[in-house]
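As provided, protein.txt (compact mmCIF, C-alpha atoms) reads as follows.
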# COMPACT_ATOMS: atom_id res chain seq x y z
CA MET A 1 56.84 103.59 30.23
CA ARG A 2 60.50 104.05 29.39
CA TRP A 3 62.03 101.55 26.96
CA THR A 4 65.45 101.49 28.57
CA ARG A 5 64.12 100.40 31.92
CA ALA A 6 61.54 98.09 30.41
CA ALA A 7 64.09 96.50 28.12
CA GLY A 8 66.45 95.71 30.94
CA ARG A 9 63.67 94.14 32.93
CA ALA A 10 62.24 92.16 30.10
CA LEU A 11 65.68 91.01 29.14
CA LEU A 12 66.48 89.87 32.63
CA VAL A 13 63.30 87.88 32.92
CA VAL A 14 63.81 86.11 29.66
CA ALA A 15 67.44 85.52 30.34
CA VAL A 16 66.63 83.75 33.52
CA VAL A 17 64.35 81.44 31.64
CA LEU A 18 66.60 80.73 28.73
CA ALA A 19 69.62 79.95 30.77
CA GLY A 20 67.94 77.02 32.42
CA TYR A 21 67.30 75.29 29.12
CA ALA A 22 70.87 75.06 28.02
CA GLY A 23 72.54 74.77 31.35
CA LEU A 24 72.32 71.05 31.90
CA GLY A 25 71.84 70.04 28.29
CA VAL A 26 68.49 68.41 29.05
CA ARG A 27 66.37 67.89 25.98
CA PRO A 28 62.62 68.50 25.90
CA GLY A 29 60.75 65.48 27.18
CA GLU A 30 63.69 64.16 29.20
CA GLY A 31 64.14 64.01 32.92
CA ALA A 32 60.57 64.12 34.16
CA ALA A 33 61.14 61.29 36.60
CA SER A 34 64.26 62.94 37.99
CA GLY A 35 62.49 66.23 38.65
CA ALA A 36 63.83 68.01 35.59
CA ARG A 37 60.31 69.24 34.87
CA GLY A 38 58.28 71.54 37.04
CA PRO A 39 57.65 75.18 37.93
CA LEU A 40 60.24 77.83 37.12
CA THR A 41 61.32 81.07 38.69
CA LEU A 42 62.47 83.85 36.38
CA VAL A 43 64.36 86.74 37.91
CA THR A 44 64.53 90.14 36.32
CA ALA A 45 64.72 93.80 37.09
CA GLY A 46 61.30 95.38 37.63
CA ASP A 47 59.21 94.64 34.54
CA LEU A 48 57.44 97.65 33.02
CA THR A 49 56.75 96.13 29.63
CA ASP A 50 53.37 95.43 28.09
CA TYR A 51 54.42 92.43 26.02
CA LEU A 52 56.14 90.14 28.51
CA GLY A 53 53.07 89.42 30.63
CA PRO A 54 51.03 88.06 27.71
CA LEU A 55 53.98 85.93 26.59
CA LEU A 56 54.26 84.32 30.00
CA ASP A 57 50.47 84.04 30.28
CA ASP A 58 50.45 82.04 27.05
CA TRP A 59 53.15 79.74 28.42
CA ASN A 60 51.43 79.26 31.78
CA GLU A 61 48.07 78.50 30.17
CA SER A 62 49.56 75.77 28.01
CA ARG A 63 51.89 74.40 30.74
CA PRO A 64 50.00 74.48 34.05
CA GLY A 65 52.48 72.06 35.60
CA GLU A 66 55.44 74.20 34.60
CA ARG A 67 54.20 77.66 35.50
CA VAL A 68 56.69 80.51 35.43
CA THR A 69 56.82 82.79 38.45
CA LEU A 70 58.41 86.17 37.83
CA VAL A 71 60.63 87.65 40.54
CA GLU A 72 61.14 91.37 39.98
CA LEU A 73 64.18 93.10 41.44
CA PRO A 74 64.72 96.89 41.70
CA ASP A 75 64.75 99.21 38.69
CA SER A 76 68.47 99.96 38.95
CA ALA A 77 70.72 97.62 36.96
CA ASP A 78 73.38 97.91 39.68
CA GLU A 79 70.89 96.91 42.38
CA THR A 80 69.53 94.07 40.25
CA ARG A 81 73.01 92.71 39.72
CA ALA A 82 73.83 92.99 43.42
CA GLN A 83 70.67 91.15 44.50
CA MET A 84 71.16 88.43 41.90
CA ILE A 85 74.72 87.89 43.08
CA SER A 86 73.66 87.77 46.73
CA GLU A 87 71.07 85.09 45.99
CA LEU A 88 73.41 83.07 43.77
CA ARG A 89 76.14 83.11 46.39
CA SER A 90 73.69 81.81 48.98
CA GLY A 91 73.15 78.58 47.05
CA ARG A 92 69.46 78.52 47.99
CA GLY A 93 68.38 77.88 44.42
CA ARG A 94 65.51 80.36 44.45
CA PHE A 95 66.29 81.52 40.90
CA ASP A 96 66.16 79.05 38.02
CA VAL A 97 66.65 81.28 35.01
CA LEU A 98 68.52 84.58 34.96
CA ASN A 99 68.12 87.37 32.46
CA ILE A 100 71.52 89.02 32.63
CA ASP A 101 72.97 92.06 30.93
CA VAL A 102 75.39 90.96 28.22
CA ALA A 103 78.24 92.55 30.17
CA TRP A 104 77.67 90.25 33.17
CA THR A 105 78.18 86.95 31.37
CA SER A 106 81.92 86.70 32.00
CA GLU A 107 81.63 87.62 35.67
CA PHE A 108 78.81 85.16 36.37
CA ALA A 109 80.51 82.38 34.42
CA ALA A 110 83.89 82.83 36.13
CA ALA A 111 82.20 82.73 39.53
CA GLY A 112 80.41 79.47 38.72
CA TRP A 113 76.93 80.97 39.19
CA ILE A 114 75.74 79.93 35.72
CA SER A 115 76.25 76.65 33.89
CA PRO A 116 78.09 76.15 30.58
CA LEU A 117 75.81 75.27 27.70
CA PRO A 118 76.17 72.88 24.76
CA ARG A 119 76.35 74.92 21.56
CA ASP A 120 74.36 72.37 19.54
CA ARG A 121 71.31 72.84 21.74
CA PHE A 122 70.44 76.26 20.32
CA PRO A 123 69.90 77.75 16.85
CA LEU A 124 72.99 79.97 17.13
CA ASP A 125 73.42 80.09 13.36
CA ALA A 126 70.05 81.83 13.09
CA PHE A 127 71.21 84.70 15.33
CA LEU A 128 73.07 87.82 14.31
CA ARG A 129 76.70 86.72 14.47
CA PRO A 130 78.17 89.18 17.03
CA VAL A 131 75.47 88.58 19.65
CA VAL A 132 76.70 85.03 20.23
CA ASP A 133 80.10 86.36 21.30
CA THR A 134 78.48 88.22 24.21
CA ALA A 135 77.30 84.87 25.58
CA THR A 136 80.73 83.24 25.69
CA PHE A 137 83.57 83.25 28.20
CA ASP A 138 86.93 81.50 28.01
CA GLY A 139 85.90 79.82 24.76
CA ARG A 140 82.67 78.30 26.11
CA LEU A 141 79.00 79.17 25.76
CA TYR A 142 77.48 80.23 29.08
CA ALA A 143 74.27 81.91 27.97
CA VAL A 144 71.91 82.27 25.02
CA PRO A 145 71.26 85.65 23.38
CA TYR A 146 67.69 86.86 23.70
CA VAL A 147 67.67 90.57 22.88
CA THR A 148 70.40 92.64 21.29
CA ASN A 149 71.12 96.33 20.96
CA ALA A 150 73.55 98.67 19.25
CA GLY A 151 74.07 102.40 19.30
CA LEU A 152 72.80 104.62 16.49
CA LEU A 153 73.47 108.24 15.55
CA TYR A 154 70.19 110.17 15.45
CA TYR A 155 70.26 113.41 13.48
CA ARG A 156 67.97 116.23 12.47
CA LYS A 157 67.33 115.36 8.84
CA ASP A 158 65.44 118.58 8.17
CA LEU A 159 68.35 120.75 9.28
CA LEU A 160 71.03 118.74 7.45
CA ASP A 161 68.88 118.81 4.29
CA ARG A 162 68.54 122.56 4.63
CA ALA A 163 72.34 122.85 4.92
CA GLY A 164 72.81 120.56 1.92
CA VAL A 165 74.90 117.96 3.75
CA GLN A 166 74.65 114.23 4.35
CA PRO A 167 74.71 112.75 7.88
CA PRO A 168 78.30 112.36 9.10
CA ARG A 169 80.31 109.20 8.53
CA THR A 170 83.47 110.41 10.28
CA TRP A 171 84.26 112.27 13.50
CA SER A 172 85.58 115.27 11.58
CA GLU A 173 82.30 115.58 9.67
CA LEU A 174 80.32 115.21 12.90
CA ALA A 175 82.39 117.87 14.66
CA ARG A 176 82.15 120.29 11.75
CA GLN A 177 78.39 119.96 11.39
CA ALA A 178 77.80 120.09 15.16
CA ARG A 179 80.01 123.17 15.43
CA THR A 180 78.54 125.09 12.50
CA ILE A 181 74.93 123.97 11.87
CA ALA A 182 73.70 123.54 15.43
CA PRO A 183 74.36 127.16 16.55
CA GLN A 184 72.43 128.51 13.54
CA HIS A 185 69.31 126.96 15.04
CA GLY A 186 70.05 127.50 18.72
CA LEU A 187 70.78 123.79 19.32
CA ASP A 188 73.46 121.86 21.13
CA GLY A 189 75.66 119.88 18.78
CA TYR A 190 76.12 116.34 20.04
CA ALA A 191 75.32 114.23 23.10
CA GLY A 192 75.67 110.70 24.29
CA GLN A 193 75.45 109.20 27.76
CA PHE A 194 78.22 110.99 29.62
CA LEU A 195 77.22 110.78 33.28
CA PRO A 196 79.65 108.47 35.10
CA TYR A 197 77.66 105.21 35.06
CA GLU A 198 77.53 102.21 32.74
CA GLY A 199 76.46 104.43 29.84
CA LEU A 200 79.77 106.30 29.99
CA THR A 201 81.64 102.98 29.85
CA VAL A 202 79.71 102.23 26.67
CA ASN A 203 80.44 105.63 25.10
CA VAL A 204 84.15 105.50 25.96
CA THR A 205 84.46 101.91 24.68
CA GLU A 206 82.77 102.90 21.42
CA ALA A 207 85.12 105.85 20.97
CA VAL A 208 88.20 103.69 21.61
CA HIS A 209 87.12 100.95 19.19
CA SER A 210 85.97 103.49 16.57
CA ALA A 211 89.56 104.77 16.47
CA GLY A 212 91.02 101.28 16.10
CA GLY A 213 91.84 100.65 19.75
CA SER A 214 90.64 98.25 22.40
CA ILE A 215 90.57 98.01 26.20
CA LEU A 216 91.13 94.35 27.05
CA ARG A 217 91.99 91.29 24.99
CA ASP A 218 88.94 89.11 24.27
CA ASP A 219 89.62 86.78 27.21
CA GLY A 220 90.14 89.72 29.57
CA ALA A 221 93.60 88.48 30.53
CA ARG A 222 95.66 91.25 28.92
CA VAL A 223 95.26 95.02 29.02
CA THR A 224 95.41 96.55 25.52
CA VAL A 225 94.25 100.10 26.18
CA ASP A 226 97.69 101.75 25.94
CA SER A 227 97.40 102.52 22.23
CA ASP A 228 97.09 105.38 19.76
CA GLY A 229 93.50 104.31 19.13
CA ALA A 230 92.53 104.69 22.77
CA ARG A 231 94.19 108.10 22.98
CA ALA A 232 92.41 109.22 19.80
CA GLY A 233 89.04 108.03 21.11
CA LEU A 234 89.37 109.95 24.35
CA ARG A 235 90.65 112.99 22.47
CA PHE A 236 87.51 113.00 20.32
CA LEU A 237 85.34 113.25 23.44
CA ALA A 238 87.56 115.84 25.11
CA ASP A 239 87.71 118.00 21.98
CA GLY A 240 83.94 118.03 21.78
CA VAL A 241 83.70 119.58 25.24
CA ARG A 242 86.63 121.93 24.73
CA GLU A 243 85.29 123.20 21.40
CA GLY A 244 81.72 123.48 22.66
CA TRP A 245 79.88 121.09 20.36
CA ILE A 246 79.39 118.78 23.36
CA SER A 247 77.70 120.93 25.98
CA ARG A 248 78.61 120.82 29.66
CA GLU A 249 74.99 119.92 30.33
CA ALA A 250 75.47 116.70 28.37
CA LEU A 251 78.04 115.54 30.94
CA GLY A 252 75.05 114.79 33.19
CA TYR A 253 73.04 112.84 30.60
CA LYS A 254 71.95 109.22 30.84
CA GLU A 255 69.77 107.58 28.16
CA GLU A 256 66.57 109.35 29.06
CA GLU A 257 68.01 112.83 29.57
CA SER A 258 69.73 112.66 26.20
CA ARG A 259 66.61 111.28 24.52
CA ARG A 260 64.50 114.12 25.87
CA ALA A 261 67.02 116.71 24.68
CA PHE A 262 66.80 115.33 21.15
CA GLN A 263 63.06 114.69 21.19
CA ASP A 264 62.35 118.20 22.51
CA GLY A 265 64.29 119.71 19.60
CA ARG A 266 67.33 120.88 21.57
CA LEU A 267 69.99 118.70 19.94
CA LEU A 268 71.36 118.20 16.42
CA PHE A 269 73.02 114.80 16.95
CA LEU A 270 72.41 112.07 19.52
CA ARG A 271 74.10 108.73 20.20
CA ASN A 272 71.51 106.40 21.74
CA TRP A 273 69.80 103.01 21.46
CA PRO A 274 67.06 102.00 18.98
CA TYR A 275 64.20 102.60 21.43
CA VAL A 276 64.57 106.33 20.79
CA TYR A 277 63.21 105.91 17.26
CA ALA A 278 59.68 105.09 18.43
CA ASP A 279 59.63 107.77 21.12
CA ALA A 280 60.96 110.46 18.79
CA SER A 281 58.34 109.50 16.19
CA ALA A 282 55.43 109.88 18.61
CA PRO A 283 52.78 112.55 17.90
CA ASP A 284 53.91 114.68 20.84
CA SER A 285 57.55 114.69 19.73
CA GLU A 286 58.99 117.98 18.47
CA VAL A 287 61.07 116.11 15.89
CA ALA A 288 58.54 113.56 14.60
CA GLY A 289 59.06 113.10 10.87
CA ARG A 290 62.15 115.34 10.90
CA PHE A 291 64.96 113.03 11.98
CA GLY A 292 66.89 110.03 10.77
CA ALA A 293 69.29 107.40 12.14
CA VAL A 294 72.59 106.12 10.77
CA PRO A 295 75.46 103.99 12.12
CA LEU A 296 77.87 105.72 14.46
CA PRO A 297 80.71 107.61 12.77
CA GLY A 298 84.35 106.81 13.53
CA ALA A 299 87.80 108.31 13.21
CA ASP A 300 88.15 107.69 9.46
CA GLY A 301 84.86 106.08 8.46
CA PRO A 302 81.99 104.15 10.02
CA GLY A 303 82.48 103.67 13.74
CA THR A 304 81.95 100.75 16.09
CA SER A 305 79.06 100.37 18.50
CA VAL A 306 79.09 98.44 21.72
CA LEU A 307 76.64 95.55 21.83
CA GLY A 308 73.88 95.94 24.36
CA GLY A 309 71.04 93.61 25.21
CA SER A 310 70.37 90.61 27.36
CA ASN A 311 71.53 87.02 27.57
CA LEU A 312 69.65 84.14 29.11
CA ALA A 313 71.58 82.04 31.58
CA VAL A 314 70.66 79.06 33.72
CA SER A 315 71.53 79.14 37.39
CA SER A 316 73.96 76.44 38.46
CA SER A 317 71.35 75.41 41.03
CA ALA A 318 68.37 75.38 38.63
CA ARG A 319 65.68 72.90 39.74
CA HIS A 320 63.91 71.99 36.49
CA PRO A 321 66.29 72.17 33.52
CA ALA A 322 64.01 70.41 31.02
CA SER A 323 61.20 72.90 31.62
CA ALA A 324 63.66 75.74 31.42
CA ALA A 325 64.89 74.34 28.10
CA ASP A 326 61.40 74.33 26.64
CA LEU A 327 60.79 77.87 27.84
CA MET A 328 64.03 78.96 26.24
CA ALA A 329 62.99 77.38 22.96
CA TYR A 330 59.66 79.18 23.21
CA LEU A 331 61.18 82.60 23.90
CA THR A 332 63.80 82.34 21.15
CA SER A 333 61.45 80.97 18.51
CA GLU A 334 60.96 83.16 15.46
CA ARG A 335 57.29 83.70 16.31
CA VAL A 336 58.02 85.00 19.79
CA GLN A 337 61.06 86.98 18.65
CA ARG A 338 58.76 88.76 16.22
CA ARG A 339 56.51 89.69 19.14
CA VAL A 340 59.54 90.86 21.10
CA LEU A 341 60.02 93.46 18.37
CA THR A 342 56.43 94.34 17.48
CA GLU A 343 54.97 94.34 20.99
CA GLY A 344 58.04 95.04 23.13
CA SER A 345 60.02 97.35 20.80
CA LEU A 346 63.11 95.31 21.66
CA PRO A 347 65.69 94.37 19.00
CA PRO A 348 65.52 90.60 18.39
CA VAL A 349 68.54 88.37 17.90
CA ARG A 350 67.19 86.40 14.94
CA ALA A 351 68.84 87.70 11.78
CA ALA A 352 65.98 86.96 9.38
CA LEU A 353 63.65 89.42 11.11
CA TYR A 354 65.86 92.35 10.12
CA GLU A 355 65.15 91.64 6.45
CA ASP A 356 61.43 90.94 6.74
CA PRO A 357 59.70 93.51 4.46
CA GLU A 358 56.67 93.86 6.72
CA LEU A 359 58.80 94.51 9.79
CA VAL A 360 61.07 96.95 7.94
CA ARG A 361 58.05 98.96 6.83
CA ALA A 362 56.85 99.20 10.43
CA HIS A 363 60.36 99.73 11.88
CA PRO A 364 62.40 101.64 9.26
CA TYR A 365 65.56 101.66 11.39
CA LEU A 366 66.00 97.86 11.20
CA PRO A 367 68.48 97.82 8.27
CA THR A 368 70.61 100.47 9.99
CA LEU A 369 70.43 98.61 13.28
CA ARG A 370 71.43 95.36 11.60
CA GLU A 371 74.48 97.10 10.09
CA SER A 372 75.42 98.49 13.49
CA VAL A 373 75.01 95.15 15.27
CA LEU A 374 77.09 93.30 12.68
CA SER A 375 80.02 95.67 13.23
CA ALA A 376 79.57 96.00 17.01
CA VAL A 377 81.81 94.71 19.78
CA PRO A 378 81.07 93.47 23.31
CA ARG A 379 82.12 95.50 26.32
CA PRO A 380 85.45 94.40 27.85
CA LYS A 381 85.21 90.80 29.03
CA SER A 382 86.49 90.26 32.55
CA PRO A 383 85.58 88.23 35.64
CA ARG A 384 85.86 91.58 37.46
CA TYR A 385 83.82 93.55 34.98
CA ASP A 386 82.29 95.79 37.65
CA GLN A 387 85.73 97.11 38.57
CA VAL A 388 86.77 97.44 34.93
CA SER A 389 83.66 99.51 34.20
CA LEU A 390 84.22 101.80 37.20
CA ALA A 391 87.81 102.44 36.07
CA VAL A 392 86.69 103.30 32.53
CA GLN A 393 83.97 105.60 33.87
CA ALA A 394 86.36 107.46 36.15
CA VAL A 395 88.86 108.07 33.36
CA GLY A 396 86.15 109.09 30.91
CA GLN A 397 84.68 111.54 33.40
CA ASP A 398 88.04 113.20 34.08
CA VAL A 399 88.86 113.49 30.38
CA MET A 400 85.50 115.02 29.48
CA ALA A 401 85.65 117.38 32.46
CA LEU A 402 89.06 118.46 31.03
CA ARG A 403 90.79 117.52 34.27
CA GLN A 404 93.15 115.06 32.60
CA THR A 405 94.67 114.83 29.14
CA PRO A 406 93.87 111.83 26.96
CA ASP A 407 97.52 110.72 27.06
CA ASP A 408 97.67 110.80 30.86
CA ALA A 409 94.23 109.20 31.11
CA VAL A 410 95.22 106.22 28.94
CA ALA A 411 98.37 105.65 30.97
CA ARG A 412 96.33 105.80 34.18
CA LEU A 413 93.69 103.42 32.83
CA ALA A 414 96.34 100.94 31.74
CA ARG A 415 97.80 100.93 35.26
CA GLU A 416 94.41 100.52 36.94
CA LEU A 417 93.24 97.76 34.62
CA GLY A 418 96.55 95.97 35.10
CA ALA A 419 96.04 96.02 38.86
CA ILE A 420 92.47 94.71 38.45
CA SER A 421 93.67 91.88 36.19
CA ARG A 422 96.39 90.86 38.61
CA THR A 423 93.95 90.61 41.51
CA GLY A 424 91.28 88.79 39.47
Represent the structure contained in this file as structure tokens.
Amino acid sequence: MRWTRAAGRALLVVAVVLAGYAGLGVRPGEGAASGARGPLTLVTAGDLTDYLGPLLDDWNESRPGERVTLVELPDSADETRAQMISELRSGRGRFDVLNIDVAWTSEFAAAGWISPLPRDRFPLDAFLRPVVDTATFDGRLYAVPYVTNAGLLYYRKDLLDRAGVQPPRTWSELARQARTIAPQHGLDGYAGQFLPYEGLTVNVTEAVHSAGGSILRDDGARVTVDSDGARAGLRFLADGVREGWISREALGYKEEESRRAFQDGRLLFLRNWPYVYADASAPDSEVAGRFGAVPLPGADGPGTSVLGGSNLAVSSSARHPASAADLMAYLTSERVQRRVLTEGSLPPVRAALYEDPELVRAHPYLPTLRESVLSAVPRPKSPRYDQVSLAVQAVGQDVMALRQTPDDAVARLARELGAISRTG
């Protein structure tokens, strides 16, 4: 089972459920006579997790009249999004609760496919602060955070200790160590997710923000990418390829390819999500007990991660909002959020769990992850996010393939994003 795929699926399922609760503002116990209570349909990408089934079994056993039926869509996030959109556009109301990637919230909200939610219906103050921002659009709450995520820098602790250096906090330190230490041990220096897909959008966005730039204003209405920060972020990625501490092979990596490179002992530094920690610590891992994880480095100090994860949204045509509300409360309760971490290896949104001594002992990366989440930013918010992401990917690919300079690439991206905004 691969965490990345499982996480997306679990997140989508839960998101579908949670959304229904807030969507119509129905409170538990209300609306039975009007049909607000009854069975629910949760839609998600294909679910490969071991923890979600038992969670839903517990719900269904205690609520036989409000059973949750899981609809699983294909593994691919792009295909899942496309099938969700097709069903939502049809107006048939087959999906009650949607588990949506955090980057889809703006698009779904702008299209009217999900309902705005009353902020006072959910324990938002108990969540890590930045995750709530991923659930908003145009100043309103349209979803409820369920699972979060932030990028970490994994490093070979044994090799850095041998060299007498600390893990890098800046890009210059990362480049120097990747360029000098890695070759001594026959390793590649640094990798992220550089294949042109959503992962490249994430890596480019992180580089831009880590240099003090941005891509779009928070409301998505103004293009802000034409900046020194954006040029510096793209230059960092291009320099890595040009100088050889980012290998050409890494330009074809997604999450799993990059994880395997690190876990098999072929890589000094890796940018990836928290799920890698458990896999790399497994008995069959070549680096078990010999690696660490720190926040991403930036241009002049700690960098900025992009927020990943899943939000729960209620379909505008949800049939049983009161039942959906109760399910949302169940899935976001502290008890279930603890199981999300311990049984599903998914980062919870409840802040208190990151400081629980028992959980920190079992999951040593939690303090680092909390630090990364608190300084993280959402991906660019736009009603046309799919087009924004494709434009960022195309520019990132050309820069890292050394086909276009960072200066020219930023100018091109500004033009393309401007055209997308004008047609939105």
Residue contacts of range 358-375 of chain A (12 Å, all atoms listed in the file) excluding same-chain residues fewer than 4 positions away, as a JSON list (two decimals) with C-alpha atoms, in the coordinates of the input:
[["chain", "number", "residue", "atom", "x", "y", "z"],
["A", 127, "PHE", "CA", 71.21, 84.70, 15.33],
["A", 128, "LEU", "CA", 73.07, 87.82, 14.31],
["A", 129, "ARG", "CA", 76.70, 86.72, 14.47],
["A", 130, "PRO", "CA", 78.17, 89.18, 17.03],
["A", 131, "VAL", "CA", 75.47, 88.58, 19.65],
["A", 132, "VAL", "CA", 76.70, 85.03, 20.23],
["A", 133, "ASP", "CA", 80.10, 86.36, 21.30],
["A", 134, "THR", "CA", 78.48, 88.22, 24.21],
["A", 147, "VAL", "CA", 67.67, 90.57, 22.88],
["A", 148, "THR", "CA", 70.40, 92.64, 21.29],
["A", 149, "ASN", "CA", 71.12, 96.33, 20.96],
["A", 150, "ALA", "CA", 73.55, 98.67, 19.25],
["A", 151, "GLY", "CA", 74.07, 102.40, 19.30],
["A", 152, "LEU", "CA", 72.80, 104.62, 16.49],
["A", 153, "LEU", "CA", 73.47, 108.24, 15.55],
["A", 154, "TYR", "CA", 70.19, 110.17, 15.45],
["A", 206, "GLU", "CA", 82.77, 102.90, 21.42],
["A", 209, "HIS", "CA", 87.12, 100.95, 19.19],
["A", 210, "SER", "CA", 85.97, 103.49, 16.57],
["A", 272, "ASN", "CA", 71.51, 106.40, 21.74],
["A", 273, "TRP", "CA", 69.80, 103.01, 21.46],
["A", 274, "PRO", "CA", 67.06, 102.00, 18.98],
["A", 275, "TYR", "CA", 64.20, 102.60, 21.43],
["A", 276, "VAL", "CA", 64.57, 106.33, 20.79],
["A", 277, "TYR", "CA", 63.21, 105.91, 17.26],
["A", 278, "ALA", "CA", 59.68, 105.09, 18.43],
["A", 281, "SER", "CA", 58.34, 109.50, 16.19],
["A", 291, "PHE", "CA", 64.96, 113.03, 11.98],
["A", 292, "GLY", "CA", 66.89, 110.03, 10.77],
["A", 293, "ALA", "CA", 69.29, 107.40, 12.14],
["A", 294, "VAL", "CA", 72.59, 106.12, 10.77],
["A", 295, "PRO", "CA", 75.46, 103.99, 12.12],
["A", 296, "LEU", "CA", 77.87, 105.72, 14.46],
["A", 297, "PRO", "CA", 80.71, 107.61, 12.77],
["A", 298, "GLY", "CA", 84.35, 106.81, 13.53],
["A", 302, "PRO", "CA", 81.99, 104.15, 10.02],
["A", 303, "GLY", "CA", 82.48, 103.67, 13.74],
["A", 304, "THR", "CA", 81.95, 100.75, 16.09],
["A", 305, "SER", "CA", 79.06, 100.37, 18.50],
["A", 306, "VAL", "CA", 79.09, 98.44, 21.72],
["A", 307, "LEU", "CA", 76.64, 95.55, 21.83],
["A", 308, "GLY", "CA", 73.88, 95.94, 24.36],
["A", 309, "GLY", "CA", 71.04, 93.61, 25.21],
["A", 337, "GLN", "CA", 61.06, 86.98, 18.65],
["A", 338, "ARG", "CA", 58.76, 88.76, 16.22],
["A", 339, "ARG", "CA", 56.51, 89.69, 19.14],
["A", 340, "VAL", "CA", 59.54, 90.86, 21.10],
["A", 341, "LEU", "CA", 60.02, 93.46, 18.37],
["A", 342, "THR", "CA", 56.43, 94.34, 17.48],
["A", 343, "GLU", "CA", 54.97, 94.34, 20.99],
["A", 345, "SER", "CA", 60.02, 97.35, 20.80],
["A", 346, "LEU", "CA", 63.11, 95.31, 21.66],
["A", 347, "PRO", "CA", 65.69, 94.37, 19.00],
["A", 348, "PRO", "CA", 65.52, 90.60, 18.39],
["A", 349, "VAL", "CA", 68.54, 88.37, 17.90],
["A", 350, "ARG", "CA", 67.19, 86.40, 14.94],
["A", 351, "ALA", "CA", 68.84, 87.70, 11.78],
["A", 352, "ALA", "CA", 65.98, 86.96, 9.38],
["A", 353, "LEU", "CA", 63.65, 89.42, 11.11],
["A", 354, "TYR", "CA", 65.86, 92.35, 10.12]]
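Restricting the calculation to all atoms listed in the file, the smallest distance between Ala409 in chain A and any of A:Val225, A:Val241, A:Ala250, A:Ala324 is found for A:Val225.
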message: So, with all atoms listed in the file as the atoms that count, which of A:Ala322, A:Leu402, A:Leu331, A:Val388 lies closest to Leu56 in chain A?
response: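 That would be A:Leu331, the residue with the smallest distance to Leu56 in chain A.
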message: Using Å and a single decimal, report how far CA of Trp104 in chain A sits from CA of Arg140 in chain A.
response: 14.8 Å
query: Within 12 Å of Arg248 in chain A, counting all atoms listed in the file, which residues qualify if same-chain residues fewer than 3 places away don't, as a PyMOL selection string?
result: chain A and resi 188-192+194-195+237-238+240-245+251-253+397+400-402
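Each of A:Ser323, A:Asp239, A:Glu255, A:Ser285 was compared to Arg176 in chain A using only C-alpha atoms, and A:Asp239 turns out to be the nearest.
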- prompt: Hey, which of A:Arg67, A:Arg37, A:Arg412, A:Lys381 ends up closest to Ala394 in chain A? Count all atoms listed in the file.
  reply: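 Looking at the shortest contact to Ala394 in chain A, the residue is A:Arg412.
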